[in-house]
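To keep things clear, I will list the structure first and then write my remarks on it.
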Amino acid sequence: MSAANLIEANDLVKTYISRKGLFGTATHVRAVDGVTLSVAPATTLGIVGESGSGKSTTGRLLLGLEEPTEGQVQFDGKPMPQLKSTAWRELRARMQLVFQDPLAALDRRIPIGTQVGEPLDIHAVGSDKERQDRVETLLQSVGLRRDQAGSYPHELSGGQRQRVVIARAIATNPDLLVCDEPVSALDVSIQAQVINLLRDLQETRGIAMAFISHDLKVVRNISDRVAVMYLGRIVEEAASKDIFRRPLHPYTQALVSSVPVPGTALKDRIILQGEPPNPAARPSGCAFHPRCSLATERCRVEVPAFVTVEAGRKAACHLVPAASEN
Amino acid sequence: MPLVEISNLGVAFSGVPVLHGINLTIEKGEAVGLVGESGCGKSVTWLAALGLLPGKATVSGSVKLGDEELVGSPREKLEHVRGGRIAMIFQDPSSSLNPVLRAGRQIAEAVSLHQGLSGATARAEAIRLMDLVGIPDAARRFDNYPHEFSGGQNQRLMIAMALAGKPDLLVADEPTTALDATIQAQILDLLISLRQETGMAIVFISHDLGAVSQICERVCVMYAGRIVEQCSTEMLFRVPRHPYTRGLFDAIPRLDAGRERLIPIPGTVPQAGRMPAGCAFAPRCAHSSELCHNQVPALSGADGRATACFHPLEEPNASAVSVSASAEKVEFA
């Protein structure tokens, strides 16, 4: 990994303890199981996967909101400080999170201007007057009017609320934004407005983004690079322009094929059998093998390594040969 | 005679109109898509047709199932239609199933209500339906509770329950929205094969134009309580004529395209109580004129397509389109 990356995660593992019943035996569920990724400044890494694939947990680990069971996160060349230490709190100003449901992320009883200004108060940025000016500038930069600072969340539409959440997230000029399904709750005509806003903010402010979504079309549009997760592991990572045009991992192929293309009938599509497995009962070998039509005996036994398969492309599959120079 | 004929259907909640005169005909065995953003009235249309709206809603117009008029008809008659001739499945399957009853029993209940079977025969029929919708090992899983099934399997159970009454029409309201991409593909595939096997008509309500195009031959695009464009799926995707439809297409990123900037539709959907005077889309429309702001355009057209717009977008080669469309003659009110 190069030193130019803003954030790097190495072999992250997050284990949760799950107990069946009050006195049942505890089982360890590996929600994230050996994830290595990095995001360069002013670029976007898309993280896609189905529910339970560990993509949101990965996002929280990147932000240091949870401590990894194994592995570590390096932000700007330094390891993530300990949870809730002073250094960790100071780092909050440099990394922010945008949530899926803006109504749940905003306080209904506080005017939006106050909420957007809250990070400035917490991190003691500027004087009162400067903060007020900055809040108005922030509202304008996300496409809201200055005089809307006194509005309450219920007075705004869903798209406007998400703009407020984004304005609050960029208030402290962060270097990294983790967006967890930021447009999934929005209608398509509004979704495009918010995607364009995120891209504009990235261009003008050089923000690095980790964009977590299950919507491949949105991820294709916003990301430079894309990581595909399945059951806690990254199974394929490549440039956004390559991975959707020519997916290499059988799971990525099925995912890409499952996106309905307007105007074409449902044929020649790979329809996967079965469901994503439960992380508590991970299949042996490659976790995807029970649903994979190409699985061989080796896939049932041996976990495939996540290796470079082409220049700038990595995959974890026994059937995709590793690049010869490695 | 069409299977279902909706004419001038209107709905108002506490006096605020949300549905402004819907005209829609469903033929036997046909698959029709209703697309639109939240609040456009695509679900309300069918909830009103089946008498499932709360008391504060006033329904006007007519919904005819064959010769029977459904609007304002007594409860016993509607109960016979609901689940029997017209079945409906919803977005969130786990909240539609009763969590404290075994899944198989809930399907058997629908079987005994609609087919008059009981005991072991009802159970056998329920297992057959579970098998039909692709629940593996149906006989053994009959006694499982809904939480022991995954989200996709819960939706399959809902479909099995809907099939219990051997309906002529299945109304699927966003049936795949809450599901993962690979499971969504499975459910779409299931609906297509069930339609081939049973010959039932499907109304597929969704905001996902891609999913609609997989299942339906005909699509109605709705905006703010009205149908604004209606034509065959193939034609709609080739040449959308209403500026709103076109705007929807432009706003959706494509998997096979690059990272170009999206073209959003400016502004937001008007609120039900504050509708603009003319065309509801006029304030967001780049093609609107004085006329659009004063008068509501009627849904009109020929050759199997209708558009509610004073300034529809031009078709690049209109002659070629009319030739291919002349085969199916559809009447629009």
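Every chain in the structure tokens takes a letter, A first, then B, and so on in the order presented; its residues are numbered from 1, and the ligands are numbered from 1 following the presented order.
The list of chain B residues within 7 Å of chain A is Glu37, Ser38, Asp180, Ala181, Thr182, Ala185, Gln186, Leu209, Gly210, Ala211, Ser213, Gln214, Thr233, Glu234, Phe237, Leu248, Ala251, Ile252, Pro253, Arg254, Leu255, Asp256, Gly258, Arg259, Arg261, Leu262, Ile263, Pro264 and Ile265 of chain B; this uses only C-alpha atoms.
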Extract, using only C-alpha atoms, all DNA, RNA and protein residues at most 8 Å from region 139-148 of chain B, discarding same-chain residues fewer than 5 positions from it, and format them as a short mmCIF file (atom, residue, chain, number, x, y, z; two decimals) with N, CA and C atoms, in the first residue's frame.
```cif
data_model
loop_
_atom_site.label_atom_id
_atom_site.label_comp_id
_atom_site.auth_asym_id
_atom_site.auth_seq_id
_atom_site.Cartn_x
_atom_site.Cartn_y
_atom_site.Cartn_z
N SER B 94 -42.32 -9.60 5.87
CA SER B 94 -42.28 -10.06 7.25
C SER B 94 -43.34 -9.35 8.10
N LEU B 97 -46.90 -11.19 7.37
CA LEU B 97 -47.14 -12.50 7.96
C LEU B 97 -47.31 -12.35 9.47
N ASN B 98 -48.13 -13.22 10.05
CA ASN B 98 -48.30 -13.19 11.50
C ASN B 98 -47.12 -13.91 12.16
N PRO B 99 -46.34 -13.19 12.99
CA PRO B 99 -45.11 -13.79 13.52
C PRO B 99 -45.34 -14.93 14.51
N VAL B 100 -46.54 -15.02 15.10
CA VAL B 100 -46.74 -16.05 16.12
C VAL B 100 -47.51 -17.26 15.60
N LEU B 101 -47.78 -17.28 14.30
CA LEU B 101 -48.42 -18.45 13.71
C LEU B 101 -47.45 -19.14 12.76
N ARG B 102 -47.52 -20.47 12.74
CA ARG B 102 -46.64 -21.21 11.83
C ARG B 102 -46.98 -20.85 10.39
N ALA B 103 -45.91 -20.70 9.56
CA ALA B 103 -46.08 -20.21 8.19
C ALA B 103 -47.06 -21.08 7.40
N GLY B 104 -46.90 -22.40 7.51
CA GLY B 104 -47.75 -23.30 6.75
C GLY B 104 -49.21 -23.13 7.12
N ARG B 105 -49.48 -22.93 8.41
CA ARG B 105 -50.86 -22.78 8.87
C ARG B 105 -51.50 -21.54 8.26
N ILE B 127 -48.81 -27.19 1.18
CA ILE B 127 -47.45 -27.68 0.90
C ILE B 127 -47.17 -27.62 -0.60
N ASN B 154 -39.82 -15.32 2.86
CA ASN B 154 -41.07 -14.75 3.36
C ASN B 154 -41.90 -14.20 2.21
#
```
Got a sec: who's within 8 Å of region 81-83 of chain A, counting only C-alpha atoms, leaving out chain neighbours fewer than 4 positions off, as a PDB file with C-alpha atoms, in the first residue's frame?
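Result written to result00.pdb:
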```pdb
ATOM      1  CA  GLY A  64     -13.062   4.125  14.309  1.00  0.00           C
ATOM      2  CA  LEU A  65     -16.591   4.007  15.723  1.00  0.00           C
ATOM      3  CA  GLU A  66     -15.933   0.394  16.624  1.00  0.00           C
ATOM      4  CA  GLU A  67     -12.707  -1.258  17.553  1.00  0.00           C
ATOM      5  CA  ALA A  87      -6.990  12.146  20.173  1.00  0.00           C
ATOM      6  CA  TRP A  88      -9.884  10.067  18.882  1.00  0.00           C
TER       7      TRP A  88
END
```
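All residues of protein, DNA or RNA that reach within 12 Å of Tyr16 (chain A), judged by only C-alpha atoms and not counting those fewer than 3 positions away in the chain, are Val13, Arg19, Ala26, Thr27, His28, Val29, Arg30, Ala31, Val32, Asp33, Gly54, Thr57, Glu66, Glu67, Pro68, Thr69, Pro279 and Ala280 of chain A.
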How about saving the chosen residues, N, CA and C atoms kept, as a PDB file, in the first residue's frame?
```
ATOM      1  N   VAL A  13     -10.806  -7.509  11.258  1.00  0.00           N
ATOM      2  CA  VAL A  13     -11.744  -8.553  11.667  1.00  0.00           C
ATOM      3  C   VAL A  13     -12.620  -7.962  12.759  1.00  0.00           C
ATOM      4  N   ARG A  19     -25.699 -14.879  21.317  1.00  0.00           N
ATOM      5  CA  ARG A  19     -26.098 -15.902  22.271  1.00  0.00           C
ATOM      6  C   ARG A  19     -27.524 -16.310  21.968  1.00  0.00           C
ATOM      7  N   ALA A  26     -22.483 -19.108  23.798  1.00  0.00           N
ATOM      8  CA  ALA A  26     -22.149 -17.969  22.957  1.00  0.00           C
ATOM      9  C   ALA A  26     -21.460 -18.455  21.686  1.00  0.00           C
ATOM     10  N   THR A  27     -21.880 -17.901  20.549  1.00  0.00           N
ATOM     11  CA  THR A  27     -21.164 -18.197  19.313  1.00  0.00           C
ATOM     12  C   THR A  27     -20.542 -16.903  18.808  1.00  0.00           C
ATOM     13  N   HIS A  28     -19.382 -17.022  18.183  1.00  0.00           N
ATOM     14  CA  HIS A  28     -18.717 -15.848  17.636  1.00  0.00           C
ATOM     15  C   HIS A  28     -19.097 -15.698  16.178  1.00  0.00           C
ATOM     16  N   VAL A  29     -19.632 -14.523  15.852  1.00  0.00           N
ATOM     17  CA  VAL A  29     -20.011 -14.241  14.478  1.00  0.00           C
ATOM     18  C   VAL A  29     -18.995 -13.264  13.907  1.00  0.00           C
ATOM     19  N   ARG A  30     -18.314 -13.701  12.863  1.00  0.00           N
ATOM     20  CA  ARG A  30     -17.327 -12.815  12.237  1.00  0.00           C
ATOM     21  C   ARG A  30     -18.022 -11.978  11.176  1.00  0.00           C
ATOM     22  N   ALA A  31     -18.463 -10.773  11.572  1.00  0.00           N
ATOM     23  CA  ALA A  31     -19.199  -9.902  10.654  1.00  0.00           C
ATOM     24  C   ALA A  31     -18.272  -9.367   9.568  1.00  0.00           C
ATOM     25  N   VAL A  32     -17.057  -9.048   9.960  1.00  0.00           N
ATOM     26  CA  VAL A  32     -16.028  -8.631   9.014  1.00  0.00           C
ATOM     27  C   VAL A  32     -14.855  -9.563   9.226  1.00  0.00           C
ATOM     28  N   ASP A  33     -14.363 -10.145   8.132  1.00  0.00           N
ATOM     29  CA  ASP A  33     -13.428 -11.246   8.280  1.00  0.00           C
ATOM     30  C   ASP A  33     -12.209 -11.048   7.374  1.00  0.00           C
ATOM     31  N   GLY A  54     -21.433  -7.298   5.703  1.00  0.00           N
ATOM     32  CA  GLY A  54     -20.455  -6.629   6.549  1.00  0.00           C
ATOM     33  C   GLY A  54     -20.028  -5.275   6.025  1.00  0.00           C
ATOM     34  N   THR A  57     -20.550  -2.506   8.775  1.00  0.00           N
ATOM     35  CA  THR A  57     -19.579  -2.702   9.854  1.00  0.00           C
ATOM     36  C   THR A  57     -18.201  -2.229   9.392  1.00  0.00           C
ATOM     37  N   GLU A  66     -16.025   1.670  15.934  1.00  0.00           N
ATOM     38  CA  GLU A  66     -15.933   0.394  16.624  1.00  0.00           C
ATOM     39  C   GLU A  66     -14.497  -0.052  16.564  1.00  0.00           C
ATOM     40  N   GLU A  67     -14.076  -0.788  17.573  1.00  0.00           N
ATOM     41  CA  GLU A  67     -12.707  -1.258  17.553  1.00  0.00           C
ATOM     42  C   GLU A  67     -12.639  -2.614  16.875  1.00  0.00           C
ATOM     43  N   PRO A  68     -11.722  -2.764  15.915  1.00  0.00           N
ATOM     44  CA  PRO A  68     -11.614  -4.067  15.263  1.00  0.00           C
ATOM     45  C   PRO A  68     -11.106  -5.120  16.246  1.00  0.00           C
ATOM     46  N   THR A  69     -11.598  -6.347  16.088  1.00  0.00           N
ATOM     47  CA  THR A  69     -11.125  -7.448  16.914  1.00  0.00           C
ATOM     48  C   THR A  69      -9.676  -7.784  16.550  1.00  0.00           C
ATOM     49  N   PRO A 279     -23.799 -15.411   8.605  1.00  0.00           N
ATOM     50  CA  PRO A 279     -22.395 -15.292   9.018  1.00  0.00           C
ATOM     51  C   PRO A 279     -22.038 -16.202  10.194  1.00  0.00           C
ATOM     52  N   ALA A 280     -23.059 -16.594  10.993  1.00  0.00           N
ATOM     53  CA  ALA A 280     -22.782 -17.469  12.134  1.00  0.00           C
ATOM     54  C   ALA A 280     -22.517 -18.903  11.691  1.00  0.00           C
TER      55      ALA A 280
END
```
What parts of region 118-322 of chain A does DSSP call strand (DSSP E or B)? I'd like the answer as a PyMOL selection string. chain A and resi 176-180+208-213+225-230+233-239+307-310+313-315
Quick one: pick out all alpha helix (DSSP H) residues within region 153-204 of chain A from a backbone DSSP run and write them as a list of chain:residue names. A:Gly158, A:Gly159, A:Gln160, A:Arg161, A:Gln162, A:Arg163, A:Val164, A:Val165, A:Ile166, A:Ala167, A:Arg168, A:Ala169, A:Val188, A:Ser189, A:Ile190, A:Gln191, A:Ala192, A:Gln193, A:Val194, A:Ile195, A:Asn196, A:Leu197, A:Leu198, A:Arg199, A:Asp200, A:Leu201, A:Gln202, A:Glu203, A:Thr204
